[in-house]
Amino acid sequence: MRVCFVLACVAGLMALALAQNPAAPAKSGESQQFGSVSTDQGLKVMFEAKIKAEWEALKNKDKKAYGELLADDYQGVEVDGGGERSKIQAVNELANGNVYNYTLWGYKLIPLGPDAAFVIYEVTLQFPPRSVVRISRVYITELWVKRAGQWKELHYQETHVK
């Protein structure tokens with residue numbers, strides 16, 4: 001009896017699924033890329049590599065590498081309460097950085113269109129052995145935009161995680 005009921009339910013669900021109209025094609029002028037961006041594993045891998053390069057530049061105090069990742073109108077907000085930083089301010093602060101090591105995890109990519117993406121992740125920071133605070137966990141959101149064929153970080157936001 002249960003088997004017949006389950007089969008009837010499955011058959012009913014299949015009939016409903018087949019009766020649905022196929023998705024309408026994109027209107028002219030609309031990009032079909034938007035729908036495919038969310039499933040593009042290559043894009044996720046590319047952003048993970050860019051974020052890894054960003055943290056390597058911070059760790060190594062590499063102003064050139066870090067600056068190349070940022071948009072000219074970049075704004076960043078860090079957990080130190082110092083307010084927004086422009087690209088120039090962020091790059092110039094590298095000399096005072098104290099990232100000894102880091103671990104990135106929990107990447108999430110949210111495509112916002114063919115030329116914009118929102119990336120979320122966490123980083124566990126390690127500071128030099130003699131630092132008062134040795135480890136800090138930070139939740140990070142970044143807005144990336146594609147300009148002149150290059151992906152650049154436009155906005156960066158940190159939130160301290162306990």
# chains A, B, ... in the order shown; residues from 1 in each chain; ligands from 1
$ residues_around --residues "range 67-83 of chain A" --least-positions-apart "4" --cutoff "12 Å" --atoms "only C-alpha atoms" --output "ChimeraX atom specification"
/A:47,49-58,61-63,87-94,136-148,150-161
$ select_by_dssp --residues "range 69-151 of chain A" --states "strand (DSSP E or B)" --output "PyMOL selection string"
chain A and resi 70-77+84-86+101-113+116-126+135-147+150-151
$ atom_distance --atom1 "CA of Lys59 in chain A" --atom2 "CA of Lys162 in chain A"
22.3 Å
$ atom_distance --atom1 "CA of Arg134 in chain A" --atom2 "CA of Val119 in chain A"
26.1 Å
$ closest_residue --among "A:Ala95, A:Gln41, A:Ile120, A:Pro128" --to "Lys108 in chain A" --atoms "only C-alpha atoms"
A:Ile120
